[in-house]
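K.L.:
Below are the structure tokens for one structure; questions will follow.
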Amino acid sequence: MAYDPRDVIDRSRLPSPIAIDGPAASGKSTLGHALAEEFGYTFLDTGLMYRAFTLAALREGVLATDETACTLLAETVGMRVEAGETTVIFLDHEDVTEWLRSPEVEANVSAYSAIRGVREELVRKQREIACTGPVVLAGRDIGTVVLPDAPLKFYLVASEDARARRRAAQAGAWGVNQRTGDAHRDIAGRDTVDSSRAASPLRAASDAIVVDTTDMGLQDVVDLVLERVRCAAS
Ligand code: DC
């Protein structure tokens, strides 16, 4: 019979929730998928929730400068999140996942996700999902704000160059045409806004394991993290 790591790991001992934070294109999603595949974790990519809110606001014509209207939209929008091995998001029953990497959403998501009222509403949803079993949440503020008591936290860093190269390669797989130079500009812009905003800025939790992935292949990062989880579960 084929070796299945899920058979030898006692799932009741899996550390949960696991928090993965880090800047854009640092490898958070790759890691979340790998943990879901290897150990059966549910993976919630919280960036997709901020992207889905951004798409809803753009469709409704609600500007990021109007915080009151954005907060009201966050409270009333029909957003449903299905977290499994991947994260799928519905707006009013429409699966919008494929639209969440569009250039329009990419260009606006940092501005909308800086709004306190929007964050409060999405964090509430994220905490609900975090209670549902062995889960991994990836984002910017998971270890610091959403789940400060998470038993295992990773904070990924990588140089801007390395992340721009990875993002441009990934964009092709998502069906988005993006050159490395454009990816560089986008990443630098979002890093600045995400790190300098007043509400839950991007920051490593003091008890996070910091992994610099600049000179690592993503598979090496995955192997390192899987090993940590295996140790915590044994
Ligand atoms: O992880 P990502 O690149 O898909 O995230 C998109 C944006 O969402 C990111 O620029 C900042 C915001 N975000 C956030 O503010 N907090 C999170 N927990 C996740 C994402």
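Identifiers in the structure tokens: chain A, B, ... in order shown; residue index from 1 per chain; ligand index from 1 in order shown.
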Counting only C-alpha atoms and all ligand atoms, give me one row per residue of chain A with an atom at most 9 Å from an atom of ligand 1, showing the shortest contact pair and its distance in Å to one decimal, sorted by chain then residue number, as JSON lines.
P.N.:
```
{"residue": "A:Asp21", "atom": "CA", "partner": "ligand 1", "partner_atom_place_in_ligand_line": "18 (N)", "distance": 7.6}
{"residue": "A:Gly22", "atom": "CA", "partner": "ligand 1", "partner_atom_place_in_ligand_line": "1 (O)", "distance": 8.1}
{"residue": "A:Pro23", "atom": "CA", "partner": "ligand 1", "partner_atom_place_in_ligand_line": "3 (O)", "distance": 7.3}
{"residue": "A:Ala24", "atom": "CA", "partner": "ligand 1", "partner_atom_place_in_ligand_line": "3 (O)", "distance": 4.6}
{"residue": "A:Ala25", "atom": "CA", "partner": "ligand 1", "partner_atom_place_in_ligand_line": "3 (O)", "distance": 6.5}
{"residue": "A:Ser26", "atom": "CA", "partner": "ligand 1", "partner_atom_place_in_ligand_line": "1 (O)", "distance": 8.9}
{"residue": "A:Lys28", "atom": "CA", "partner": "ligand 1", "partner_atom_place_in_ligand_line": "1 (O)", "distance": 7.6}
{"residue": "A:Ser29", "atom": "CA", "partner": "ligand 1", "partner_atom_place_in_ligand_line": "1 (O)", "distance": 7.9}
{"residue": "A:Asp45", "atom": "CA", "partner": "ligand 1", "partner_atom_place_in_ligand_line": "1 (O)", "distance": 7.1}
{"residue": "A:Thr46", "atom": "CA", "partner": "ligand 1", "partner_atom_place_in_ligand_line": "19 (C)", "distance": 4.8}
{"residue": "A:Gly47", "atom": "CA", "partner": "ligand 1", "partner_atom_place_in_ligand_line": "20 (C)", "distance": 3.5}
{"residue": "A:Leu48", "atom": "CA", "partner": "ligand 1", "partner_atom_place_in_ligand_line": "4 (O)", "distance": 5.4}
{"residue": "A:Met49", "atom": "CA", "partner": "ligand 1", "partner_atom_place_in_ligand_line": "19 (C)", "distance": 7.5}
{"residue": "A:Tyr50", "atom": "CA", "partner": "ligand 1", "partner_atom_place_in_ligand_line": "8 (O)", "distance": 4.9}
{"residue": "A:Arg51", "atom": "CA", "partner": "ligand 1", "partner_atom_place_in_ligand_line": "6 (C)", "distance": 6.0}
{"residue": "A:Leu100", "atom": "CA", "partner": "ligand 1", "partner_atom_place_in_ligand_line": "4 (O)", "distance": 8.4}
{"residue": "A:Arg101", "atom": "CA", "partner": "ligand 1", "partner_atom_place_in_ligand_line": "4 (O)", "distance": 8.0}
{"residue": "A:Val105", "atom": "CA", "partner": "ligand 1", "partner_atom_place_in_ligand_line": "6 (C)", "distance": 8.8}
{"residue": "A:Glu106", "atom": "CA", "partner": "ligand 1", "partner_atom_place_in_ligand_line": "6 (C)", "distance": 7.3}
{"residue": "A:Ala107", "atom": "CA", "partner": "ligand 1", "partner_atom_place_in_ligand_line": "10 (O)", "distance": 9.0}
{"residue": "A:Asn108", "atom": "CA", "partner": "ligand 1", "partner_atom_place_in_ligand_line": "10 (O)", "distance": 8.6}
{"residue": "A:Val109", "atom": "CA", "partner": "ligand 1", "partner_atom_place_in_ligand_line": "7 (C)", "distance": 5.3}
{"residue": "A:Ser110", "atom": "CA", "partner": "ligand 1", "partner_atom_place_in_ligand_line": "10 (O)", "distance": 4.6}
{"residue": "A:Ala111", "atom": "CA", "partner": "ligand 1", "partner_atom_place_in_ligand_line": "10 (O)", "distance": 8.4}
{"residue": "A:Tyr112", "atom": "CA", "partner": "ligand 1", "partner_atom_place_in_ligand_line": "12 (C)", "distance": 8.2}
{"residue": "A:Ser113", "atom": "CA", "partner": "ligand 1", "partner_atom_place_in_ligand_line": "15 (O)", "distance": 4.9}
{"residue": "A:Ala114", "atom": "CA", "partner": "ligand 1", "partner_atom_place_in_ligand_line": "15 (O)", "distance": 6.5}
{"residue": "A:Arg119", "atom": "CA", "partner": "ligand 1", "partner_atom_place_in_ligand_line": "15 (O)", "distance": 7.6}
{"residue": "A:Leu122", "atom": "CA", "partner": "ligand 1", "partner_atom_place_in_ligand_line": "18 (N)", "distance": 8.9}
{"residue": "A:Val123", "atom": "CA", "partner": "ligand 1", "partner_atom_place_in_ligand_line": "18 (N)", "distance": 8.1}
{"residue": "A:Leu137", "atom": "CA", "partner": "ligand 1", "partner_atom_place_in_ligand_line": "18 (N)", "distance": 8.4}
{"residue": "A:Ala138", "atom": "CA", "partner": "ligand 1", "partner_atom_place_in_ligand_line": "18 (N)", "distance": 6.7}
{"residue": "A:Gly139", "atom": "CA", "partner": "ligand 1", "partner_atom_place_in_ligand_line": "18 (N)", "distance": 3.5}
{"residue": "A:Arg140", "atom": "CA", "partner": "ligand 1", "partner_atom_place_in_ligand_line": "18 (N)", "distance": 4.2}
{"residue": "A:Asp141", "atom": "CA", "partner": "ligand 1", "partner_atom_place_in_ligand_line": "18 (N)", "distance": 5.0}
{"residue": "A:Ile142", "atom": "CA", "partner": "ligand 1", "partner_atom_place_in_ligand_line": "18 (N)", "distance": 5.9}
{"residue": "A:Val146", "atom": "CA", "partner": "ligand 1", "partner_atom_place_in_ligand_line": "18 (N)", "distance": 8.0}
{"residue": "A:Ile187", "atom": "CA", "partner": "ligand 1", "partner_atom_place_in_ligand_line": "10 (O)", "distance": 8.2}
{"residue": "A:Gly189", "atom": "CA", "partner": "ligand 1", "partner_atom_place_in_ligand_line": "10 (O)", "distance": 8.9}
{"residue": "A:Arg190", "atom": "CA", "partner": "ligand 1", "partner_atom_place_in_ligand_line": "10 (O)", "distance": 5.2}
{"residue": "A:Asp191", "atom": "CA", "partner": "ligand 1", "partner_atom_place_in_ligand_line": "10 (O)", "distance": 7.0}
{"residue": "A:Val193", "atom": "CA", "partner": "ligand 1", "partner_atom_place_in_ligand_line": "10 (O)", "distance": 7.8}
{"residue": "A:Asp194", "atom": "CA", "partner": "ligand 1", "partner_atom_place_in_ligand_line": "11 (C)", "distance": 5.6}
{"residue": "A:Ala199", "atom": "CA", "partner": "ligand 1", "partner_atom_place_in_ligand_line": "15 (O)", "distance": 8.8}
{"residue": "A:Ser200", "atom": "CA", "partner": "ligand 1", "partner_atom_place_in_ligand_line": "15 (O)", "distance": 7.6}
{"residue": "A:Pro201", "atom": "CA", "partner": "ligand 1", "partner_atom_place_in_ligand_line": "15 (O)", "distance": 7.5}
{"residue": "A:Leu202", "atom": "CA", "partner": "ligand 1", "partner_atom_place_in_ligand_line": "15 (O)", "distance": 7.5}
```
K.L.:
Based on DSSP run over this structure's backbone, return all residues of stretch 18-120 of chain A in helix (DSSP H, G or I), as a ChimeraX atom specification.
P.N.:
/A:28-39,46-60,67-76,97-99,103-113,116-120
K.L.:
In terms of the shortest atom-to-atom distance over only C-alpha atoms, which of A:Ala205, A:Ala233, A:Leu72, A:Val210 is closest to A:Pro148?
P.N.:
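The closest residue to A:Pro148 is A:Ala205.
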K.L.:
Determine, counting only C-alpha atoms, which protein, DNA and RNA residues have an atom within 12 Å of an atom of stretch 32-41 of chain A; residues of the same chain fewer than 3 positions away are not included. Present the result as a VMD selection string.
P.N.:
chain A and resid 3 to 21 26 to 29 44 to 46 83 to 87 130 132 to 139 154 218 to 230 233
K.L.:
What separation in Å, quoted to one decimal, exists between atom CA of A:Thr71 and atom CA of A:Thr54?
P.N.:
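Rounded to one decimal, the two atoms are 11.9 Å apart.
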K.L.:
Name the residues of stretch 88-199 of chain A that come out as strand (DSSP E or B) in a backbone DSSP run; write them as a list in words.
P.N.:
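The strand (DSSP E or B) residues within stretch 88-199 of chain A come out as Val88, Ile89, Phe90, Leu91, Glu94, Asp95, Val135, Val136, Leu137, Ala138, Gly139, Leu152, Lys153, Phe154, Tyr155, Leu156 and Val157 of chain A.
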K.L.:
If you keep all heavy atoms, can you produce a file of those selected residues as a compact mmCIF listing (two decimals), in the first residue's frame?
P.N.:
```txt
# COMPACT_ATOMS: atom_id res chain seq x y z
N VAL A 88 -11.88 28.97 -1.69
CA VAL A 88 -12.79 29.39 -2.76
C VAL A 88 -13.73 30.43 -2.15
O VAL A 88 -14.21 30.24 -1.03
CB VAL A 88 -13.60 28.18 -3.29
CG1 VAL A 88 -14.60 28.61 -4.36
CG2 VAL A 88 -12.66 27.10 -3.83
N ILE A 89 -13.99 31.52 -2.89
CA ILE A 89 -14.83 32.59 -2.31
C ILE A 89 -16.01 32.91 -3.22
O ILE A 89 -15.87 33.04 -4.45
CB ILE A 89 -13.99 33.86 -2.05
CG1 ILE A 89 -12.77 33.47 -1.20
CG2 ILE A 89 -14.85 34.93 -1.39
CD1 ILE A 89 -12.30 34.47 -0.23
N PHE A 90 -17.17 33.04 -2.58
CA PHE A 90 -18.40 33.38 -3.30
C PHE A 90 -18.86 34.76 -2.86
O PHE A 90 -18.78 35.10 -1.68
CB PHE A 90 -19.52 32.39 -2.95
CG PHE A 90 -19.21 30.97 -3.38
CD1 PHE A 90 -18.42 30.14 -2.60
CD2 PHE A 90 -19.73 30.48 -4.57
CE1 PHE A 90 -18.13 28.84 -3.00
CE2 PHE A 90 -19.44 29.17 -4.98
CZ PHE A 90 -18.65 28.36 -4.19
N LEU A 91 -19.32 35.55 -3.83
CA LEU A 91 -20.01 36.81 -3.51
C LEU A 91 -21.43 36.62 -4.00
O LEU A 91 -21.65 36.42 -5.21
CB LEU A 91 -19.36 38.00 -4.24
CG LEU A 91 -18.00 38.48 -3.72
CD1 LEU A 91 -17.49 39.64 -4.60
CD2 LEU A 91 -18.07 38.92 -2.25
N GLU A 94 -21.98 33.74 -6.29
CA GLU A 94 -21.13 33.65 -7.50
C GLU A 94 -19.70 33.30 -7.05
O GLU A 94 -19.14 34.00 -6.20
CB GLU A 94 -21.14 34.99 -8.24
CG GLU A 94 -20.23 35.00 -9.47
CD GLU A 94 -19.94 36.42 -9.96
OE1 GLU A 94 -20.55 37.39 -9.45
OE2 GLU A 94 -19.07 36.56 -10.84
N ASP A 95 -19.15 32.24 -7.62
CA ASP A 95 -17.76 31.90 -7.32
C ASP A 95 -16.86 32.93 -8.02
O ASP A 95 -16.77 32.96 -9.25
CB ASP A 95 -17.45 30.49 -7.84
CG ASP A 95 -16.00 30.07 -7.58
OD1 ASP A 95 -15.20 30.91 -7.15
OD2 ASP A 95 -15.68 28.90 -7.85
N VAL A 135 -6.41 23.79 11.13
CA VAL A 135 -6.43 24.83 10.10
C VAL A 135 -5.10 25.57 10.02
O VAL A 135 -4.39 25.70 11.02
CB VAL A 135 -7.54 25.89 10.33
CG1 VAL A 135 -8.92 25.33 10.07
CG2 VAL A 135 -7.46 26.48 11.71
N VAL A 136 -4.82 26.06 8.82
CA VAL A 136 -3.68 26.94 8.57
C VAL A 136 -4.25 28.22 8.00
O VAL A 136 -5.04 28.18 7.05
CB VAL A 136 -2.74 26.33 7.51
CG1 VAL A 136 -1.62 27.31 7.19
CG2 VAL A 136 -2.17 25.01 7.98
N LEU A 137 -3.90 29.36 8.60
CA LEU A 137 -4.33 30.64 8.04
C LEU A 137 -3.10 31.39 7.56
O LEU A 137 -2.09 31.47 8.28
CB LEU A 137 -5.06 31.48 9.08
CG LEU A 137 -6.57 31.22 9.23
CD1 LEU A 137 -6.81 29.91 9.97
CD2 LEU A 137 -7.24 32.36 9.95
N ALA A 138 -3.17 31.93 6.34
CA ALA A 138 -2.05 32.72 5.81
C ALA A 138 -2.51 34.15 5.62
O ALA A 138 -3.64 34.39 5.20
CB ALA A 138 -1.57 32.12 4.49
N GLY A 139 -1.62 35.10 5.94
CA GLY A 139 -1.99 36.51 5.75
C GLY A 139 -0.89 37.45 6.15
O GLY A 139 0.31 37.20 5.88
N LEU A 152 1.72 27.50 16.64
CA LEU A 152 2.84 27.47 15.70
C LEU A 152 2.66 28.61 14.70
O LEU A 152 1.60 28.74 14.07
CB LEU A 152 2.85 26.11 14.98
CG LEU A 152 4.13 25.68 14.27
CD1 LEU A 152 5.36 25.79 15.16
CD2 LEU A 152 3.99 24.25 13.74
N LYS A 153 3.69 29.45 14.61
CA LYS A 153 3.61 30.63 13.74
C LYS A 153 4.85 30.70 12.88
O LYS A 153 5.97 30.53 13.39
CB LYS A 153 3.55 31.92 14.57
CG LYS A 153 2.39 32.00 15.53
CD LYS A 153 2.46 33.28 16.34
CE LYS A 153 1.34 33.34 17.36
NZ LYS A 153 1.43 34.55 18.20
N PHE A 154 4.65 30.95 11.60
CA PHE A 154 5.78 31.15 10.70
C PHE A 154 5.68 32.55 10.09
O PHE A 154 4.58 33.01 9.79
CB PHE A 154 5.78 30.11 9.57
CG PHE A 154 5.97 28.71 10.06
CD1 PHE A 154 4.89 27.88 10.30
CD2 PHE A 154 7.25 28.22 10.33
CE1 PHE A 154 5.06 26.59 10.77
CE2 PHE A 154 7.44 26.93 10.81
CZ PHE A 154 6.34 26.11 11.02
N TYR A 155 6.84 33.17 9.93
CA TYR A 155 6.87 34.48 9.26
C TYR A 155 7.90 34.37 8.15
O TYR A 155 9.08 34.15 8.39
CB TYR A 155 7.26 35.58 10.26
CG TYR A 155 7.13 36.96 9.66
CD1 TYR A 155 5.91 37.61 9.63
CD2 TYR A 155 8.24 37.60 9.11
CE1 TYR A 155 5.77 38.87 9.06
CE2 TYR A 155 8.12 38.87 8.55
CZ TYR A 155 6.89 39.49 8.54
OH TYR A 155 6.76 40.74 7.97
N LEU A 156 7.41 34.45 6.90
CA LEU A 156 8.30 34.26 5.75
C LEU A 156 8.81 35.61 5.26
O LEU A 156 8.03 36.56 5.13
CB LEU A 156 7.54 33.59 4.60
CG LEU A 156 6.87 32.24 4.89
CD1 LEU A 156 6.27 31.67 3.61
CD2 LEU A 156 7.85 31.26 5.51
N VAL A 157 10.09 35.68 5.00
CA VAL A 157 10.65 36.88 4.35
C VAL A 157 11.44 36.45 3.13
O VAL A 157 11.89 35.30 3.04
CB VAL A 157 11.56 37.71 5.30
CG1 VAL A 157 10.76 38.33 6.42
CG2 VAL A 157 12.68 36.85 5.89
```
K.L.:
I'd like the contact shell of A:His184 - 12 Å cut-off, only C-alpha atoms, skipping same-chain residues fewer than 4 positions apart - returned as a VMD selection string.
P.N.:
chain A and resid 24 to 25 159 to 168 178 to 180 188 to 191
K.L.:
Find the residue from A:Glu75, A:Asp92, A:Asp182, A:Asp207 that sits nearest to A:Gly117; use only C-alpha atoms when measuring.
P.N.:
A:Glu75
K.L.:
Could you check how far atom CA of A:Thr144 sits from atom CA of A:Arg203, in Å to one decimal?
P.N.:
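Atom CA of A:Thr144 sits 7.4 Å away from atom CA of A:Arg203.
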K.L.:
To one decimal place, how far is atom CA of A:Leu73 from atom CA of A:Phe53 in Å?
P.N.:
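Going from atom CA of A:Leu73 over to atom CA of A:Phe53, I get 8.5 Å.
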